[in-house]
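One file, data-v1.pdb, is given below (PDB, C-alpha atoms, pLDDT in the B column).
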ATOM      1  CA  GLU A  12     109.561 109.390  95.947  1.00 65.00           C
ATOM      2  CA  ILE A  13     113.028 110.992  95.899  1.00 74.00           C
ATOM      3  CA  LEU A  14     111.735 113.687  93.534  1.00 79.00           C
ATOM      4  CA  LEU A  15     108.660 114.291  95.704  1.00 80.00           C
ATOM      5  CA  GLU A  16     110.872 114.613  98.793  1.00 82.00           C
ATOM      6  CA  ALA A  17     113.050 117.167  96.987  1.00 80.00           C
ATOM      7  CA  LEU A  18     109.968 119.178  95.977  1.00 81.00           C
ATOM      8  CA  VAL A  19     108.651 119.242  99.544  1.00 82.00           C
ATOM      9  CA  GLN A  20     112.067 120.300 100.878  1.00 78.00           C
ATOM     10  CA  ASP A  21     112.338 122.995  98.214  1.00 77.00           C
ATOM     11  CA  ALA A  22     108.955 124.429  99.229  1.00 79.00           C
ATOM     12  CA  GLN A  23     110.065 124.376 102.852  1.00 75.00           C
ATOM     13  CA  HIS A  24     113.277 126.242 102.032  1.00 71.00           C
ATOM     14  CA  PHE A  25     111.239 128.826 100.071  1.00 72.00           C
ATOM     15  CA  ALA A  26     109.172 129.435 103.210  1.00 72.00           C
ATOM     16  CA  GLN A  27     112.271 129.671 105.420  1.00 64.00           C
ATOM     17  CA  GLU A  28     113.856 132.315 103.194  1.00 59.00           C
ATOM     18  CA  ARG A  29     110.754 134.478 103.613  1.00 60.00           C
ATOM     19  CA  GLY A  30     110.657 134.226 107.376  1.00 59.00           C
ATOM     20  CA  MET A  31     107.586 132.010 107.569  1.00 66.00           C
ATOM     21  CA  GLN A  32     107.167 130.055 110.788  1.00 67.00           C
ATOM     22  CA  ARG A  33     105.099 127.105 109.594  1.00 76.00           C
ATOM     23  CA  VAL A  34     104.593 125.035 106.445  1.00 82.00           C
ATOM     24  CA  VAL A  35     101.256 123.368 105.658  1.00 85.00           C
ATOM     25  CA  ALA A  36     101.137 120.306 103.377  1.00 87.00           C
ATOM     26  CA  LEU A  37      98.679 117.667 102.180  1.00 90.00           C
ATOM     27  CA  GLY A  38      99.404 113.945 102.221  1.00 89.00           C
ATOM     28  CA  TYR A  39      97.616 111.669  99.765  1.00 91.00           C
ATOM     29  CA  ASP A  40      97.002 108.038 100.660  1.00 88.00           C
ATOM     30  CA  GLY A  41      97.474 105.567  97.791  1.00 82.00           C
ATOM     31  CA  THR A  42      99.134 107.973  95.322  1.00 76.00           C
ATOM     32  CA  GLU A  43     102.774 107.630  96.450  1.00 69.00           C
ATOM     33  CA  GLY A  44     104.125 107.750  92.918  1.00 72.00           C
ATOM     34  CA  CYS A  45     102.786 111.168  92.003  1.00 82.00           C
ATOM     35  CA  GLN A  46     101.861 113.054  95.206  1.00 85.00           C
ATOM     36  CA  PRO A  47     103.378 113.332  98.722  1.00 89.00           C
ATOM     37  CA  SER A  48     102.206 110.475 100.933  1.00 90.00           C
ATOM     38  CA  PRO A  49     101.502 110.700 104.691  1.00 90.00           C
ATOM     39  CA  ARG A  50     104.558 108.490 105.309  1.00 88.00           C
ATOM     40  CA  LEU A  51     106.837 110.819 103.326  1.00 86.00           C
ATOM     41  CA  LEU A  52     105.640 113.909 105.184  1.00 87.00           C
ATOM     42  CA  GLU A  53     105.981 112.212 108.563  1.00 87.00           C
ATOM     43  CA  ASN A  54     109.554 111.155 107.697  1.00 83.00           C
ATOM     44  CA  LEU A  55     110.322 114.820 106.961  1.00 81.00           C
ATOM     45  CA  GLY A  56     109.079 115.921 110.362  1.00 81.00           C
ATOM     46  CA  TYR A  57     105.530 117.004 109.504  1.00 87.00           C
ATOM     47  CA  VAL A  58     102.779 116.500 112.099  1.00 89.00           C
ATOM     48  CA  SER A  59      99.354 115.180 111.118  1.00 91.00           C
ATOM     49  CA  GLN A  60      96.362 117.447 111.683  1.00 91.00           C
ATOM     50  CA  GLY A  61      93.814 114.835 110.618  1.00 91.00           C
ATOM     51  CA  GLY A  62      91.906 114.196 107.431  1.00 92.00           C
ATOM     52  CA  LEU A  63      90.830 116.959 105.082  1.00 90.00           C
ATOM     53  CA  PRO A  64      87.034 117.301 105.462  1.00 90.00           C
ATOM     54  CA  GLY A  65      85.156 115.994 102.446  1.00 88.00           C
ATOM     55  CA  CYS A  66      88.264 114.492 100.831  1.00 90.00           C
ATOM     56  CA  PRO A  67      88.736 110.795 101.654  1.00 90.00           C
ATOM     57  CA  GLY A  68      92.377 109.708 101.706  1.00 90.00           C
ATOM     58  CA  VAL A  69      93.726 113.282 101.974  1.00 92.00           C
ATOM     59  CA  PHE A  70      95.413 114.349 105.226  1.00 92.00           C
ATOM     60  CA  GLN A  71      96.556 117.729 106.519  1.00 92.00           C
ATOM     61  CA  TYR A  72     100.081 118.198 107.897  1.00 91.00           C
ATOM     62  CA  ASN A  73     102.140 121.098 109.162  1.00 87.00           C
ATOM     63  CA  ARG A  74     105.650 121.719 110.376  1.00 83.00           C
ATOM     64  CA  LYS A  75     107.196 124.508 112.442  1.00 75.00           C
ATOM     65  CA  ILE A  76     110.318 125.622 110.596  1.00 67.00           C
ATOM     66  CA  SER A  77     111.865 128.906 111.655  1.00 55.00           C
ATOM     67  CA  ALA A  78     110.224 130.467 114.681  1.00 47.00           C
ATOM     68  CA  ASP A  79     113.316 129.685 116.765  1.00 56.00           C
ATOM     69  CA  VAL A  80     115.870 131.162 114.343  1.00 62.00           C
ATOM     70  CA  GLU A  81     117.245 134.625 115.120  1.00 71.00           C
ATOM     71  CA  PRO A  82     116.896 137.230 112.333  1.00 67.00           C
ATOM     72  CA  GLY A  83     120.093 138.373 110.648  1.00 89.00           C
ATOM     73  CA  ARG A  84     121.741 134.960 110.781  1.00 92.00           C
ATOM     74  CA  SER A  85     122.491 132.728 107.810  1.00 94.00           C
ATOM     75  CA  LEU A  86     120.061 129.813 107.523  1.00 93.00           C
ATOM     76  CA  PHE A  87     122.036 126.630 106.884  1.00 95.00           C
ATOM     77  CA  MET A  88     119.126 124.204 107.260  1.00 91.00           C
ATOM     78  CA  GLY A  89     118.797 121.582 104.540  1.00 90.00           C
ATOM     79  CA  ARG A  90     120.559 118.696 102.815  1.00 92.00           C
ATOM     80  CA  TRP A  91     123.968 119.346 101.233  1.00 96.00           C
ATOM     81  CA  ARG A  92     126.497 117.429  99.136  1.00 97.00           C
ATOM     82  CA  MET A  93     130.196 118.235  98.785  1.00 97.00           C
ATOM     83  CA  ASP A  94     131.154 119.449  95.295  1.00 98.00           C
ATOM     84  CA  LEU A  95     134.656 117.991  95.112  1.00 97.00           C
ATOM     85  CA  SER A  96     135.314 119.306  91.608  1.00 97.00           C
ATOM     86  CA  SER A  97     134.808 122.908  92.773  1.00 97.00           C
ATOM     87  CA  SER A  98     136.426 122.595  96.205  1.00 98.00           C
ATOM     88  CA  ASP A  99     140.038 123.357  97.094  1.00 98.00           C
ATOM     89  CA  SER A 100     142.319 120.528  98.106  1.00 97.00           C
ATOM     90  CA  LEU A 101     142.676 120.043 101.861  1.00 97.00           C
ATOM     91  CA  TRP A 102     146.245 118.747 101.522  1.00 97.00           C
ATOM     92  CA  SER A 103     148.072 121.718 103.078  1.00 98.00           C
ATOM     93  CA  VAL A 104     145.481 122.135 105.847  1.00 98.00           C
ATOM     94  CA  LEU A 105     145.531 118.462 106.834  1.00 97.00           C
ATOM     95  CA  ARG A 106     149.334 118.309 106.817  1.00 97.00           C
ATOM     96  CA  ALA A 107     149.475 121.363 109.090  1.00 97.00           C
ATOM     97  CA  LEU A 108     147.064 119.607 111.456  1.00 97.00           C
ATOM     98  CA  GLY A 109     149.406 116.605 111.628  1.00 95.00           C
ATOM     99  CA  ILE A 110     147.534 114.023 109.535  1.00 94.00           C
ATOM    100  CA  ASN A 111     149.722 111.327 107.978  1.00 93.00           C
ATOM    101  CA  PHE A 112     150.429 112.129 104.331  1.00 91.00           C
ATOM    102  CA  LEU A 113     149.363 108.608 103.320  1.00 93.00           C
ATOM    103  CA  VAL A 114     145.853 109.236 104.690  1.00 93.00           C
ATOM    104  CA  ILE A 115     145.383 112.718 103.235  1.00 95.00           C
ATOM    105  CA  PRO A 116     144.423 111.669  99.657  1.00 94.00           C
ATOM    106  CA  LEU A 117     141.582 109.533 101.045  1.00 92.00           C
ATOM    107  CA  VAL A 118     140.226 112.322 103.266  1.00 92.00           C
ATOM    108  CA  ASP A 119     140.753 114.955 100.587  1.00 93.00           C
ATOM    109  CA  ARG A 120     138.522 113.211  98.022  1.00 93.00           C
ATOM    110  CA  LEU A 121     135.968 111.757 100.418  1.00 93.00           C
ATOM    111  CA  SER A 122     132.337 112.096  99.327  1.00 94.00           C
ATOM    112  CA  VAL A 123     130.428 114.010 102.009  1.00 97.00           C
ATOM    113  CA  GLN A 124     126.752 114.720 102.597  1.00 96.00           C
ATOM    114  CA  GLN A 125     125.348 116.850 105.404  1.00 96.00           C
ATOM    115  CA  ILE A 126     121.878 117.260 106.855  1.00 94.00           C
ATOM    116  CA  ILE A 127     121.747 120.497 108.854  1.00 94.00           C
ATOM    117  CA  SER A 128     119.102 121.665 111.301  1.00 92.00           C
ATOM    118  CA  GLN A 129     119.202 125.014 113.071  1.00 91.00           C
ATOM    119  CA  THR A 130     117.524 126.788 115.999  1.00 90.00           C
ATOM    120  CA  LYS A 131     118.274 130.055 117.759  1.00 90.00           C
ATOM    121  CA  ASP A 132     120.596 128.131 120.095  1.00 93.00           C
ATOM    122  CA  ALA A 133     122.597 125.701 117.969  1.00 95.00           C
ATOM    123  CA  LEU A 134     123.461 124.107 114.645  1.00 96.00           C
ATOM    124  CA  THR A 135     123.177 120.318 114.320  1.00 95.00           C
ATOM    125  CA  ILE A 136     125.037 118.658 111.433  1.00 96.00           C
ATOM    126  CA  GLU A 137     124.558 115.016 110.459  1.00 95.00           C
ATOM    127  CA  VAL A 138     127.634 114.123 108.403  1.00 96.00           C
ATOM    128  CA  SER A 139     127.657 111.026 106.182  1.00 95.00           C
ATOM    129  CA  THR A 140     130.594 109.610 104.207  1.00 95.00           C
ATOM    130  CA  PRO A 141     131.373 106.158 102.741  1.00 93.00           C
ATOM    131  CA  LEU A 142     133.349 105.536 105.949  1.00 89.00           C
ATOM    132  CA  GLY A 143     130.448 106.180 108.324  1.00 92.00           C
ATOM    133  CA  SER A 144     128.356 108.933 109.854  1.00 94.00           C
ATOM    134  CA  ASP A 145     128.427 111.245 112.859  1.00 94.00           C
ATOM    135  CA  THR A 146     126.472 114.116 114.383  1.00 94.00           C
ATOM    136  CA  ILE A 147     128.010 117.464 115.336  1.00 96.00           C
ATOM    137  CA  GLU A 148     126.254 119.835 117.738  1.00 96.00           C
ATOM    138  CA  LEU A 149     127.477 123.454 117.660  1.00 97.00           C
ATOM    139  CA  PRO A 150     125.967 125.743 120.341  1.00 97.00           C
ATOM    140  CA  PHE A 151     126.001 129.438 119.439  1.00 96.00           C
ATOM    141  CA  ASP A 152     126.703 130.766 122.928  1.00 93.00           C
ATOM    142  CA  GLY A 153     130.483 130.367 122.728  1.00 92.00           C
ATOM    143  CA  SER A 154     130.553 127.466 125.173  1.00 95.00           C
ATOM    144  CA  MET A 155     133.184 124.769 124.775  1.00 96.00           C
ATOM    145  CA  THR A 156     131.869 121.340 123.794  1.00 96.00           C
ATOM    146  CA  LEU A 157     133.295 118.048 122.535  1.00 96.00           C
ATOM    147  CA  VAL A 158     132.869 117.245 118.831  1.00 96.00           C
ATOM    148  CA  PRO A 159     134.349 114.681 116.423  1.00 94.00           C
ATOM    149  CA  GLY A 160     137.938 115.767 115.797  1.00 93.00           C
ATOM    150  CA  ALA A 161     139.345 116.869 112.450  1.00 89.00           C
ATOM    151  CA  THR A 162     142.137 114.315 112.871  1.00 89.00           C
ATOM    152  CA  GLY A 163     140.164 111.675 114.774  1.00 88.00           C
ATOM    153  CA  GLY A 164     138.956 111.287 118.337  1.00 92.00           C
ATOM    154  CA  ARG A 165     137.026 114.138 119.946  1.00 95.00           C
ATOM    155  CA  ASN A 166     138.190 117.703 120.461  1.00 96.00           C
ATOM    156  CA  MET A 167     136.943 120.816 122.228  1.00 97.00           C
ATOM    157  CA  GLN A 168     135.284 123.444 120.034  1.00 97.00           C
ATOM    158  CA  THR A 169     133.615 126.823 120.334  1.00 97.00           C
ATOM    159  CA  THR A 170     131.225 128.417 117.835  1.00 98.00           C
ATOM    160  CA  SER A 171     129.984 131.993 117.391  1.00 96.00           C
ATOM    161  CA  TRP A 172     128.394 134.297 114.817  1.00 97.00           C
ATOM    162  CA  ILE A 173     130.629 136.848 113.076  1.00 96.00           C
ATOM    163  CA  PRO A 174     129.861 139.786 110.741  1.00 95.00           C
ATOM    164  CA  ALA A 175     130.144 139.117 107.009  1.00 94.00           C
ATOM    165  CA  PRO A 176     132.964 141.278 105.538  1.00 89.00           C
ATOM    166  CA  LEU A 177     130.629 142.950 103.015  1.00 86.00           C
ATOM    167  CA  GLY A 178     127.539 143.000 105.199  1.00 84.00           C
ATOM    168  CA  GLY A 179     124.484 140.777 104.885  1.00 87.00           C
ATOM    169  CA  LYS A 180     123.671 137.675 106.903  1.00 92.00           C
ATOM    170  CA  LEU A 181     126.048 136.731 109.719  1.00 95.00           C
ATOM    171  CA  TRP A 182     128.612 133.978 109.129  1.00 97.00           C
ATOM    172  CA  LEU A 183     129.275 131.136 111.570  1.00 98.00           C
ATOM    173  CA  LYS A 184     132.793 130.471 112.875  1.00 98.00           C
ATOM    174  CA  THR A 185     133.857 127.273 114.643  1.00 98.00           C
ATOM    175  CA  VAL A 186     137.304 126.803 116.181  1.00 97.00           C
ATOM    176  CA  GLN A 187     138.448 123.329 117.242  1.00 97.00           C
ATOM    177  CA  ALA A 188     141.552 122.539 119.314  1.00 97.00           C
ATOM    178  CA  VAL A 189     143.470 119.728 117.579  1.00 97.00           C
ATOM    179  CA  GLU A 190     146.400 120.044 119.990  1.00 96.00           C
ATOM    180  CA  GLY A 191     146.633 122.236 123.061  1.00 95.00           C
ATOM    181  CA  ALA A 192     143.777 124.327 124.441  1.00 94.00           C
ATOM    182  CA  LEU A 193     141.347 126.836 122.977  1.00 94.00           C
ATOM    183  CA  GLU A 194     142.168 129.151 125.876  1.00 91.00           C
ATOM    184  CA  LEU A 195     145.867 129.222 124.838  1.00 91.00           C
ATOM    185  CA  PRO A 196     145.798 129.762 121.043  1.00 91.00           C
ATOM    186  CA  GLN A 197     149.411 130.945 120.939  1.00 92.00           C
ATOM    187  CA  SER A 198     150.606 127.449 121.838  1.00 94.00           C
ATOM    188  CA  ALA A 199     148.007 125.282 120.153  1.00 96.00           C
ATOM    189  CA  ILE A 200     147.072 123.750 116.805  1.00 97.00           C
ATOM    190  CA  LEU A 201     143.575 124.931 115.872  1.00 97.00           C
ATOM    191  CA  PHE A 202     141.205 123.997 113.071  1.00 98.00           C
ATOM    192  CA  GLU A 203     138.915 126.837 112.033  1.00 98.00           C
ATOM    193  CA  THR A 204     135.769 126.598 109.887  1.00 98.00           C
ATOM    194  CA  VAL A 205     133.767 129.618 108.735  1.00 98.00           C
ATOM    195  CA  ARG A 206     130.386 128.804 107.169  1.00 98.00           C
ATOM    196  CA  SER A 207     128.542 131.135 104.804  1.00 97.00           C
ATOM    197  CA  LEU A 208     126.012 130.945 101.972  1.00 96.00           C
ATOM    198  CA  GLY A 209     126.098 132.047  98.327  1.00 94.00           C
ATOM    199  CA  ASP A 210     124.253 131.678  95.020  1.00 94.00           C
ATOM    200  CA  ARG A 211     120.958 132.688  96.631  1.00 89.00           C
ATOM    201  CA  ASP A 212     121.515 130.163  99.445  1.00 91.00           C
ATOM    202  CA  ALA A 213     122.052 127.278  97.005  1.00 93.00           C
ATOM    203  CA  THR A 214     125.755 126.969  97.939  1.00 97.00           C
ATOM    204  CA  LEU A 215     127.326 126.428 101.356  1.00 98.00           C
ATOM    205  CA  PHE A 216     130.927 127.606 101.708  1.00 98.00           C
ATOM    206  CA  GLU A 217     133.170 126.105 104.368  1.00 98.00           C
ATOM    207  CA  ASP A 218     136.355 128.172 104.608  1.00 98.00           C
ATOM    208  CA  VAL A 219     138.747 126.096 106.680  1.00 98.00           C
ATOM    209  CA  ALA A 220     142.162 126.960 108.063  1.00 98.00           C
ATOM    210  CA  ALA A 221     144.953 125.473 110.164  1.00 98.00           C
ATOM    211  CA  ILE A 222     146.238 127.857 112.830  1.00 97.00           C
ATOM    212  CA  VAL A 223     149.528 126.861 114.466  1.00 97.00           C
ATOM    213  CA  ASP A 224     150.848 128.795 117.467  1.00 96.00           C
ATOM    214  CA  GLY A 225     148.657 131.749 116.575  1.00 95.00           C
ATOM    215  CA  GLN A 226     149.646 131.825 112.884  1.00 96.00           C
ATOM    216  CA  ARG A 227     147.330 130.904 110.005  1.00 97.00           C
ATOM    217  CA  VAL A 228     149.545 128.510 108.032  1.00 98.00           C
ATOM    218  CA  ALA A 229     147.106 126.913 105.541  1.00 98.00           C
ATOM    219  CA  SER A 230     143.574 127.465 104.269  1.00 98.00           C
ATOM    220  CA  ALA A 231     141.093 126.027 101.778  1.00 98.00           C
ATOM    221  CA  ARG A 232     137.499 126.515 100.634  1.00 98.00           C
ATOM    222  CA  ARG A 233     135.134 123.563 100.522  1.00 98.00           C
ATOM    223  CA  ILE A 234     131.904 123.932  98.551  1.00 98.00           C
ATOM    224  CA  LEU A 235     128.649 122.099  99.172  1.00 98.00           C
ATOM    225  CA  ARG A 236     125.572 122.249  96.925  1.00 97.00           C
ATOM    226  CA  ARG A 237     122.038 122.236  98.267  1.00 93.00           C
ATOM    227  CA  LEU A 238     120.042 119.059  97.619  1.00 89.00           C
ATOM    228  CA  ALA A 239     116.935 120.252  99.446  1.00 74.00           C
TER     229      ALA A 239
END
Is it possible to give me this structure as structure tokens?
Amino acid sequence: EILLEALVQDAQHFAQERGMQRVVALGYDGTEGCQPSPRLLENLGYVSQGGLPGCPGVFQYNRKISADVEPGRSLFMGRWRMDLSSSDSLWSVLRALGINFLVIPLVDRLSVQQIISQTKDALTIEVSTPLGSDTIELPFDGSMTLVPGATGGRNMQTTSWIPAPLGGKLWLKTVQAVEGALELPQSAILFETVRSLGDRDATLFEDVAAIVDGQRVASARRILRRLA
């Protein structure tokens, strides 16, 4: 079933890349081992449209996927896993943010998976690690909202789209206030994350930086690979 789920997600991503607004799928009752089942499709957010006429045990499903996504923006939707072997160490960034040096090795090598959904208004990230899970909501309108903090607790953040340096799809920048206030960056400790895509949207780059009193003092690139 894991392979079937990956195939369905891959077909959905193919449709998203081409600007399609809806995916249609068939669910087969009693053939879970070799074809998508109604339960699998429903777990992935597909809505039943009833049985396929003349085909007992076959059901029609569809799912709205990208009608609410603005053109020109990167599409981060999908399931992602951190590629630790290809990612930079976070040591210098975490130290600049004030994390205890005894904790840094644990955070630096932590296995991370993300499930991302996206509309024209916000990005929602479900983050899972061996230590637990959390959900991050990032509105695109520049408003300040509380999110899980980079060093623990909850911090204020703001998120907005920015031009890619070489053109192409817009990148997404999030700035979080670890100490101080977002409104006073010259006297605050900020954690910045810029998200972009590469390798034909198979790779998610998270370029993170620690900004102390207005100065960028440390940076690193984290790399996530698409699972579906």
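Across the chains present, the PyMOL selection byres ((chain A and resi 203-209) around 8) applied to this file returns A:Ser85, A:Phe87, A:Leu181, A:Trp182, A:Leu183, A:Lys184, A:Thr185, A:Val186, A:Gln187, A:Leu201, A:Phe202, A:Asp210, A:Arg211, A:Asp212, A:Ala213, A:Thr214, A:Leu215, A:Phe216, A:Glu217, A:Asp218, A:Val219, A:Ala220, A:Ala221, A:Ile222.
CA of Ile147 in chain A sits 25.9 Å away from CA of Ala22 in chain A.
Once the PyMOL selection byres ((chain A and resi 15) around 10) is applied to the shown structure, the selection contains Glu12, Ile13, Leu14, Glu16, Ala17, Leu18, Val19, Gln20, Asp21, Glu43, Gly44, Cys45, Gln46, Pro47, Ser48, Leu51 and Leu52 of chain A.
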Write the residues you've just listed into a file as a PDB file, in the frame of the given file, and include C-alpha atoms for each of them.
ATOM      1  CA  GLU A  12     109.561 109.390  95.947  1.00 65.00           C
ATOM      2  CA  ILE A  13     113.028 110.992  95.899  1.00 74.00           C
ATOM      3  CA  LEU A  14     111.735 113.687  93.534  1.00 79.00           C
ATOM      4  CA  GLU A  16     110.872 114.613  98.793  1.00 82.00           C
ATOM      5  CA  ALA A  17     113.050 117.167  96.987  1.00 80.00           C
ATOM      6  CA  LEU A  18     109.968 119.178  95.977  1.00 81.00           C
ATOM      7  CA  VAL A  19     108.651 119.242  99.544  1.00 82.00           C
ATOM      8  CA  GLN A  20     112.067 120.300 100.878  1.00 78.00           C
ATOM      9  CA  ASP A  21     112.338 122.995  98.214  1.00 77.00           C
ATOM     10  CA  GLU A  43     102.774 107.630  96.450  1.00 69.00           C
ATOM     11  CA  GLY A  44     104.125 107.750  92.918  1.00 72.00           C
ATOM     12  CA  CYS A  45     102.786 111.168  92.003  1.00 82.00           C
ATOM     13  CA  GLN A  46     101.861 113.054  95.206  1.00 85.00           C
ATOM     14  CA  PRO A  47     103.378 113.332  98.722  1.00 89.00           C
ATOM     15  CA  SER A  48     102.206 110.475 100.933  1.00 90.00           C
ATOM     16  CA  LEU A  51     106.837 110.819 103.326  1.00 86.00           C
ATOM     17  CA  LEU A  52     105.640 113.909 105.184  1.00 87.00           C
TER      18      LEU A  52
END
Which residues come within 10 Å of Val104 in chain A, counting all atoms listed in the file, excluding same-chain residues fewer than 3 positions away, as an NGL selection string?
-> :A and (100-101 or 107-110 or 115 or 202 or 219-222 or 227-231)
Write out as a ChimeraX atom specification each polymer residue whose atoms come within 8 Å of Asp132 in chain A, counting all atoms listed in the file; drop sequence neighbours fewer than 6 positions from it.
-> /A:150-152
Only C-alpha atoms, please: the residues just picked out, written as a PDB file, in the frame of the given file.
ATOM      1  CA  PRO A 150     125.967 125.743 120.341  1.00 97.00           C
ATOM      2  CA  PHE A 151     126.001 129.438 119.439  1.00 96.00           C
ATOM      3  CA  ASP A 152     126.703 130.766 122.928  1.00 93.00           C
TER       4      ASP A 152
END
Can you give me, as a PyMOL selection string, the residues this file yields under the PyMOL selection byres ((chain A and resi 133-136) around 7)?
-> chain A and resi 125-132+137-138+146-151
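If you measure from each of A:Met93, A:Met167, A:Val114, A:Leu157 to Arg236 in chain A using only C-alpha atoms, the closest one turns out to be A:Met93.
CA of Arg33 in chain A to CA of Ala239 in chain A spans 17.0 Å [interatomic distance, one decimal].
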One-decimal distance in Å that lies between CA of Arg237 in chain A and CA of Arg74 in chain A | 20.4 Å
Padding 8 Å on every side, please: axis-aligned box over the listed atoms of range 61-70 of chain A, centre and edge lengths to one decimal in Å, as JSON.
{"center_x": 90.3, "center_y": 113.5, "center_z": 105.7, "size_x": 26.3, "size_y": 23.6, "size_z": 25.8}
